[in-house]
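File shown: structure.txt. Contents: compact mmCIF, C-alpha atoms.
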# COMPACT_ATOMS: atom_id res chain seq x y z
CA MET A 19 53.19 220.56 -33.63
CA THR A 20 55.98 219.26 -31.45
CA ALA A 21 56.55 215.96 -29.70
CA GLY A 22 54.70 215.68 -26.43
CA GLN A 23 51.58 217.53 -27.59
CA LEU A 24 49.78 214.35 -28.61
CA ALA A 25 48.49 211.27 -26.81
CA VAL A 26 46.93 208.28 -28.56
CA VAL A 27 44.03 206.66 -26.70
CA ILE A 28 42.83 203.19 -27.73
CA PRO A 29 39.85 201.62 -25.94
CA THR A 30 39.87 197.85 -26.28
CA VAL A 31 37.92 194.77 -25.34
CA GLY A 32 40.95 192.57 -25.95
CA ARG A 33 40.50 191.90 -29.66
CA PRO A 34 43.51 190.29 -31.41
CA SER A 35 43.48 193.27 -33.80
CA LEU A 36 44.86 195.47 -31.01
CA ARG A 37 48.36 194.05 -31.45
CA ALA A 38 48.29 194.66 -35.21
CA LEU A 39 47.18 198.27 -34.66
CA LEU A 40 49.95 198.97 -32.15
CA THR A 41 52.52 197.31 -34.41
CA GLY A 42 51.39 199.57 -37.25
CA LEU A 43 51.75 202.62 -35.02
CA ALA A 44 55.23 201.61 -33.89
CA ALA A 45 56.40 201.17 -37.49
CA GLN A 46 55.69 204.85 -38.14
CA ALA A 47 58.34 206.01 -35.71
CA HIS A 48 60.85 205.89 -38.59
CA ASP A 49 58.81 208.23 -40.82
CA PRO A 50 60.45 211.70 -41.01
CA GLY A 51 57.05 213.38 -40.80
CA HIS A 52 55.89 211.26 -37.87
CA LEU A 53 54.49 213.02 -34.79
CA PRO A 54 55.69 211.01 -31.78
CA PRO A 55 53.04 210.82 -29.06
CA ALA A 56 53.87 211.67 -25.50
CA GLU A 57 52.25 208.38 -24.59
CA VAL A 58 49.84 205.71 -25.78
CA VAL A 59 46.98 204.99 -23.38
CA VAL A 60 45.34 201.59 -23.85
CA VAL A 61 42.02 201.45 -22.01
CA ASP A 62 41.08 197.89 -21.11
CA ASP A 63 37.27 197.92 -21.09
CA ARG A 64 36.81 194.28 -20.26
CA PRO A 65 34.98 193.49 -16.98
CA LEU A 66 37.23 193.91 -13.98
CA GLY A 67 37.01 190.19 -13.27
CA ASP A 68 38.82 189.44 -16.53
CA ALA A 69 42.46 189.16 -15.46
CA ARG A 70 43.91 188.08 -18.81
CA ALA A 71 46.83 190.22 -19.93
CA LEU A 72 46.48 192.26 -23.10
CA ASP A 73 48.73 191.29 -26.00
CA LEU A 74 50.85 194.43 -26.40
CA PRO A 75 53.92 194.57 -28.67
CA PRO A 76 56.95 196.67 -27.74
CA LEU A 77 56.44 200.36 -28.54
CA PRO A 78 58.97 203.20 -28.84
CA TRP A 79 56.87 205.45 -26.56
CA PRO A 80 55.52 205.15 -23.02
CA VAL A 81 52.43 202.95 -22.82
CA ARG A 82 49.91 203.16 -20.04
CA VAL A 83 47.14 200.61 -19.48
CA VAL A 84 44.07 201.68 -17.49
CA ARG A 85 40.92 199.71 -16.66
CA SER A 86 37.43 201.08 -17.22
CA GLY A 87 35.45 198.11 -15.97
CA GLY A 88 33.46 197.11 -19.04
CA ARG A 89 31.25 200.22 -18.96
CA GLY A 90 31.33 200.82 -22.72
CA PRO A 91 33.31 202.94 -25.20
CA ALA A 92 32.16 206.33 -23.87
CA ALA A 93 33.41 205.56 -20.37
CA ALA A 94 36.57 203.96 -21.76
CA ARG A 95 37.46 207.02 -23.85
CA ASN A 96 36.84 209.29 -20.89
CA ALA A 97 39.18 207.21 -18.75
CA GLY A 98 41.80 207.48 -21.48
CA TRP A 99 41.79 211.21 -22.17
CA ARG A 100 41.51 212.11 -18.50
CA THR A 101 44.60 210.00 -17.83
CA ALA A 102 46.60 211.64 -20.63
CA GLY A 103 47.83 215.20 -20.25
CA ALA A 104 48.64 216.03 -23.87
CA ARG A 105 47.13 218.97 -25.73
CA TRP A 106 45.61 216.73 -28.44
CA ILE A 107 44.00 213.33 -27.88
CA ALA A 108 43.85 211.02 -30.90
CA PHE A 109 41.28 208.25 -30.46
CA LEU A 110 41.62 205.03 -32.44
CA ASP A 111 39.40 201.97 -32.25
CA ASP A 112 41.18 198.70 -31.54
CA ASP A 113 39.97 197.07 -34.78
CA VAL A 114 41.34 199.59 -37.30
CA GLU A 115 44.55 199.54 -39.33
CA VAL A 116 46.78 202.57 -39.82
CA PRO A 117 48.61 203.02 -43.16
CA PRO A 118 52.32 203.91 -43.09
CA ASP A 119 51.68 207.65 -43.50
CA TRP A 120 48.92 207.96 -40.87
CA SER A 121 51.03 209.70 -38.25
CA ALA A 122 52.54 212.22 -40.68
CA ARG A 123 49.10 213.06 -42.06
CA LEU A 124 47.74 213.40 -38.53
CA ALA A 125 50.48 215.90 -37.77
CA ALA A 126 49.50 217.93 -40.84
CA ASP A 127 45.80 217.76 -39.92
CA LEU A 128 46.42 219.06 -36.41
CA ALA A 129 48.83 221.76 -37.56
CA ALA A 130 46.17 223.05 -39.96
CA ALA A 131 43.42 223.17 -37.30
CA ALA A 132 42.27 226.69 -36.49
CA PRO A 133 42.08 227.67 -32.80
CA ASP A 134 38.29 227.17 -32.74
CA VAL A 135 38.47 223.63 -34.14
CA ALA A 136 37.77 221.13 -31.36
CA GLY A 137 38.39 217.99 -33.37
CA VAL A 138 39.63 216.66 -36.70
CA GLN A 139 38.20 213.46 -38.15
CA GLY A 140 40.07 211.01 -40.32
CA THR A 141 38.61 209.18 -43.30
CA VAL A 142 37.51 205.58 -42.76
CA ARG A 143 37.90 203.06 -45.58
CA VAL A 144 36.06 199.76 -45.35
CA PRO A 145 37.28 197.04 -47.75
CA LEU A 146 34.44 194.99 -49.20
CA PRO A 147 34.66 191.71 -51.13
CA ALA A 148 35.16 192.16 -54.87
CA HIS A 149 34.08 188.64 -55.89
CA ARG A 150 30.53 188.71 -54.45
CA ARG A 151 27.82 191.01 -53.20
CA PRO A 152 28.45 192.28 -49.65
CA THR A 153 26.29 190.98 -46.83
CA ASP A 154 23.96 193.22 -44.83
CA TRP A 155 26.56 193.34 -42.04
CA GLU A 156 29.32 194.30 -44.47
CA ARG A 157 27.19 197.07 -45.98
CA ASN A 158 26.40 198.25 -42.48
CA THR A 159 30.08 198.53 -41.63
CA ALA A 160 30.73 200.33 -44.93
CA GLY A 161 28.40 203.06 -43.68
CA LEU A 162 31.33 204.24 -41.54
CA GLU A 163 32.91 205.69 -44.68
CA THR A 164 30.31 208.47 -44.87
CA ALA A 165 29.55 208.89 -41.16
CA TRP A 166 30.29 212.20 -39.42
CA TRP A 167 32.43 212.57 -36.30
CA ILE A 168 32.94 208.88 -35.58
CA THR A 169 35.72 208.11 -33.13
CA ALA A 170 37.31 205.23 -35.03
CA ASP A 171 39.88 207.92 -35.93
CA MET A 172 39.14 211.27 -34.29
CA ALA A 173 41.54 213.72 -32.65
CA PHE A 174 40.19 216.22 -30.11
CA ARG A 175 41.70 219.11 -28.23
CA ARG A 176 41.86 218.15 -24.57
CA GLU A 177 40.66 221.65 -23.71
CA ALA A 178 37.45 221.11 -25.70
CA LEU A 179 36.81 217.69 -24.17
CA ALA A 180 37.22 219.14 -20.68
CA GLU A 181 34.85 222.03 -21.43
CA VAL A 182 31.94 219.71 -22.29
CA HIS A 183 32.95 217.00 -19.77
CA GLY A 184 33.86 214.46 -22.43
CA PHE A 185 31.66 211.65 -23.64
CA ASP A 186 28.25 211.09 -22.06
CA GLU A 187 28.54 207.73 -20.31
CA ARG A 188 24.78 207.22 -20.46
CA PHE A 189 25.49 205.90 -23.97
CA PRO A 190 26.71 202.38 -23.12
CA ARG A 191 27.18 201.16 -26.71
CA ALA A 192 29.36 202.18 -29.62
CA PHE A 193 26.45 204.11 -31.14
CA ARG A 194 25.53 207.82 -30.99
CA GLU A 195 28.00 208.62 -28.19
CA ASP A 196 30.21 210.25 -30.83
CA ALA A 197 27.33 212.22 -32.38
CA ASP A 198 26.28 213.44 -28.94
CA LEU A 199 29.77 214.72 -28.18
CA ALA A 200 30.04 216.43 -31.56
CA LEU A 201 26.69 218.14 -31.06
CA ARG A 202 27.60 219.40 -27.60
CA LEU A 203 30.94 220.73 -28.83
CA ARG A 204 29.27 222.62 -31.67
CA LEU A 205 26.65 224.06 -29.32
CA ALA A 206 29.52 225.24 -27.11
CA GLY A 207 30.93 227.24 -30.02
CA TRP A 208 33.57 224.85 -31.33
CA ARG A 209 33.94 223.68 -34.92
CA LEU A 210 34.77 220.20 -36.17
CA ALA A 211 36.76 219.47 -39.32
CA ARG A 212 37.64 216.63 -41.63
CA GLY A 213 41.32 215.94 -42.15
CA GLU A 214 43.35 214.33 -44.93
CA ARG A 215 44.51 211.20 -43.10
CA ALA A 216 42.80 207.83 -43.48
CA ILE A 217 42.55 204.48 -41.74
CA VAL A 218 41.26 201.06 -42.80
CA HIS A 219 38.38 199.50 -40.88
CA PRO A 220 38.03 195.81 -41.79
CA VAL A 221 34.65 194.17 -41.36
CA ARG A 222 34.63 192.19 -38.14
CA PRO A 223 33.17 188.67 -38.19
CA ALA A 224 29.49 188.72 -37.26
CA ASP A 225 27.79 186.14 -35.07
CA ALA A 226 24.14 185.14 -35.01
CA ARG A 227 23.24 187.86 -32.49
CA VAL A 228 24.60 190.81 -34.42
CA SER A 229 21.16 191.97 -35.56
CA VAL A 230 19.91 191.96 -31.95
CA ARG A 231 22.83 194.13 -30.87
CA MET A 232 22.26 196.51 -33.75
CA GLN A 233 18.58 196.83 -32.90
CA ALA A 234 19.58 197.91 -29.40
CA GLY A 235 20.89 201.10 -31.00
CA ALA A 236 17.30 202.35 -31.00
CA ALA A 237 17.74 203.08 -27.29
CA SER A 238 20.62 205.43 -28.14
CA ASP A 239 18.43 207.22 -30.68
CA ALA A 240 15.76 207.65 -28.01
CA LEU A 241 18.35 209.09 -25.62
CA MET A 242 19.53 211.55 -28.28
CA ARG A 243 15.95 212.73 -28.75
CA ALA A 244 15.46 213.10 -25.01
CA LEU A 245 18.68 215.09 -24.63
CA HIS A 246 18.57 217.25 -27.76
CA GLY A 247 14.97 217.32 -28.99
CA PRO A 248 13.27 216.02 -32.12
CA ALA A 249 15.66 217.87 -34.46
CA TRP A 250 18.73 216.11 -33.09
CA ARG A 251 19.54 214.33 -36.37
CA GLU A 252 19.86 217.59 -38.27
CA LEU A 253 21.78 219.26 -35.44
CA ALA A 254 24.22 216.36 -35.17
CA GLN A 255 24.50 215.85 -38.96
CA THR A 256 23.63 212.21 -38.63
CA GLY A 257 21.40 209.92 -40.66
CA ARG A 258 18.77 207.38 -39.80
CA GLY A 259 21.25 205.02 -38.21
CA ARG A 260 23.44 202.15 -39.29
CA PHE A 261 21.03 199.53 -37.92
CA ARG A 262 18.18 200.37 -40.33
CA TRP A 263 18.84 197.21 -42.39
CA HIS A 264 17.91 195.14 -39.35
CA VAL A 265 14.58 196.95 -39.01
CA ALA A 266 13.81 196.16 -42.67
CA THR A 267 14.74 192.51 -42.16
CA VAL A 268 12.51 192.18 -39.10
CA ALA A 269 9.63 193.91 -40.89
CA ALA A 270 9.94 191.50 -43.83
CA GLY A 271 9.90 188.57 -41.43
CA VAL A 272 6.77 189.83 -39.71
CA LEU A 273 4.98 190.25 -43.04
CA ALA A 274 5.99 186.76 -44.14
CA ALA A 275 4.72 185.28 -40.86
CA ALA A 276 1.44 187.14 -41.21
CA ALA A 277 0.98 185.88 -44.78
CA ALA A 278 1.64 182.34 -43.63

Conversion result in structure tokens:
Amino acid sequence: MTAGQLAVVIPTVGRPSLRALLTGLAAQAHDPGHLPPAEVVVVDDRPLGDARALDLPPLPWPVRVVRSGGRGPAAARNAGWRTAGARWIAFLDDDVEVPPDWSARLAADLAAAAPDVAGVQGTVRVPLPAHRRPTDWERNTAGLETAWWITADMAFRREALAEVHGFDERFPRAFREDADLALRLRLAGWRLARGERAIVHPVRPADARVSVRMQAGAASDALMRALHGPAWRELAQTGRGRFRWHVATVAAGVLAAAAA
């Protein structure tokens, strides 16, 4: 691939990790195997009433900031790829870290993609504590390591995204919107592949309401069933869902209350 054929799209809700991610990307400009993007599109998905400026470090490539109005990651990614005109769109989440060879490995992944490959997924590595047992939330995040077609690090052909009209914005959360897109691409005749590059996805701090938010993912499962039928899990190559630990916790609480 040549320079100008790639755009990097990063949806963000203003996390401090965004600056570290962009700094890591900028450092790769000195790598001989680096694939310079035509531009980096940062999609600010905070509510439009939030006027705080994003903390963006200097970058060696053009940077464009667009607003998506707090409508969720599916809408934010659509705003990003529709703004960019490059042949390949590399999506990164704003809370991941890129190792020094990420860009060079991305270039190799895209160069190896056959013409019928719509997207190439990177490997996600989640560091867990070595001195103690991981918490439920940490184990939940570690499930990203074996998930299929997640957009924490996923590069798509713009042509393929346009053919299926991108992400379905009826998925308002960061859950199942990636599986839905992958399923629609495959039904349209495209293939998806796993690449050789990798990123690091640290475990974000969890507040007291994290289990409530995870339980809300059941609505996304219901939407997948409504859109794709009862066999959607097999078609999309997805499992029972990363929020299943919350269901078990709630069930145990109900049983304990009943016993009392």

Checklist entry - Quick one: of A:Ala240, A:Ala192, A:Ala69, A:Val142, who's nearest to A:Val116, counting only C-alpha atoms? => result A:Val142

Checklist entry - Could you list as a ChimeraX atom specification every residue that has an atom within 7 Å of (54.2, 205.5, -26.0), using the file's coordinates and counting all atoms listed in the file? => result /A:55-58,77-81

Next on the checklist: Ranking A:Gly42, A:Pro220, A:Gly213, A:Gly137 by minimum distance to A:Pro76 and counting only C-alpha atoms, which one comes first?
Outcome noted: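 Going through A:Gly42, A:Pro220, A:Gly213, A:Gly137 one by one, the smallest distance to A:Pro76 is for A:Gly42.
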
Checklist entry - Do you know which residues are at most 8 Å from A:Arg105 counting all atoms listed in the file, after dropping those on the same chain fewer than 5 positions away, and could you put them as number ranges by chain? => result A: 23-25, 175-177

Next on the checklist: Calculated over all atoms listed in the file, which of the candidates A:Ile107, A:Val221, A:Ala38, A:Leu128 has the smallest distance to A:Leu179?
Outcome noted: A:Ile107

Item to check | Exercise: A:Pro117 partners within 10 Å, all atoms listed in the file, chain neighbours under 5 positions left out, as a list in words | outcome: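 Skipping anything fewer than 5 positions along the chain leaves Leu39, Gly42, Leu43, Ala45, Gln46, Arg215, Ala216, Ile217 and Val218 of chain A.
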
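Atom CA of A:Val138 lies 8.3 Å from atom CA of A:Trp167.
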
Checklist entry - Counting all atoms listed in the file, what is within 10 Å of A:Glu181, bar same-chain residues fewer than 6 positions away, as a ChimeraX atom specification? => result /A:202-203,206

Next on the checklist: Need the shell around A:Asp134: protein/DNA/RNA residues with any atom at most 9 Å away, counting all atoms listed in the file. Skip same-chain ones fewer than 5 positions apart. Format as a ChimeraX atom specification?
Outcome noted: /A:207-210

Output C-alpha atoms for every residue in the selection just made, as a compact mmCIF listing (two decimals), keeping the file's coordinate frame.
# COMPACT_ATOMS: atom_id res chain seq x y z
CA GLY A 207 30.93 227.24 -30.02
CA TRP A 208 33.57 224.85 -31.33
CA ARG A 209 33.94 223.68 -34.92
CA LEU A 210 34.77 220.20 -36.17

Checklist entry - Could you state the separation of atom CA of A:Leu53 and atom CA of A:Ala173 in Å, given to one decimal place? => result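 Separation between atom CA of A:Leu53 and atom CA of A:Ala173: 13.1 Å.
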
Checklist entry - Which residue gives the smallest distance to A:Trp166 among A:Arg191, A:Arg222, A:Arg251, A:Arg95, with all atoms listed in the file counted? => result A:Arg251

Produce a table with one row for each residue of stretch 97-148 of chain A that has an atom at most 9 Å from any atom of stretch 169-172 of chain A, each row naming the nearest atom pair and its distance in Å at one decimal; use only C-alpha atoms; arrange rows by chain and rising residue number; format as a tab-separated table.
residue	atom	partner	partner_atom	distance
A:Ile107	CA	A:Met172	CA	8.3
A:Ala108	CA	A:Met172	CA	5.8
A:Phe109	CA	A:Met172	CA	5.3
A:Leu110	CA	A:Asp171	CA	4.9
A:Asp111	CA	A:Ala170	CA	4.8
A:Asp112	CA	A:Ala170	CA	8.4
A:Asp113	CA	A:Ala170	CA	8.6
A:Val114	CA	A:Ala170	CA	7.3
A:Gly137	CA	A:Met172	CA	6.8
A:Val138	CA	A:Met172	CA	5.9
A:Gln139	CA	A:Met172	CA	4.5
A:Gly140	CA	A:Asp171	CA	5.4
A:Thr141	CA	A:Asp171	CA	7.6
A:Val142	CA	A:Asp171	CA	7.6

Next on the checklist: Taking only C-alpha atoms into account, name the residue in A:Glu156, A:Glu187, A:Glu195, A:Asp239 that is nearest to A:Ala224.
Outcome noted: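 The answer is A:Glu156, which sits nearest to A:Ala224.
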
Item to check | Residue with smallest distance to A:Val27 - pool A:Leu74, A:Val84, A:Ala197, A:Ala129, counting all atoms listed in the file | outcome: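 That would be A:Val84, the residue with the smallest distance to A:Val27.
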
Checklist entry - Could you state the separation of atom CA of A:Pro91 and atom CA of A:Ala136 in Å, given to one decimal place? => result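 It comes out at 19.7 Å.
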
Return as JSON the box centre and box size in Å, one decimal, for an axis-aligned box around all listed atoms of stretch 150-159 of chain A padded by 3 Å per side.
{"center_x": 27.2, "center_y": 193.6, "center_z": -48.0, "size_x": 12.6, "size_y": 15.8, "size_z": 18.8}
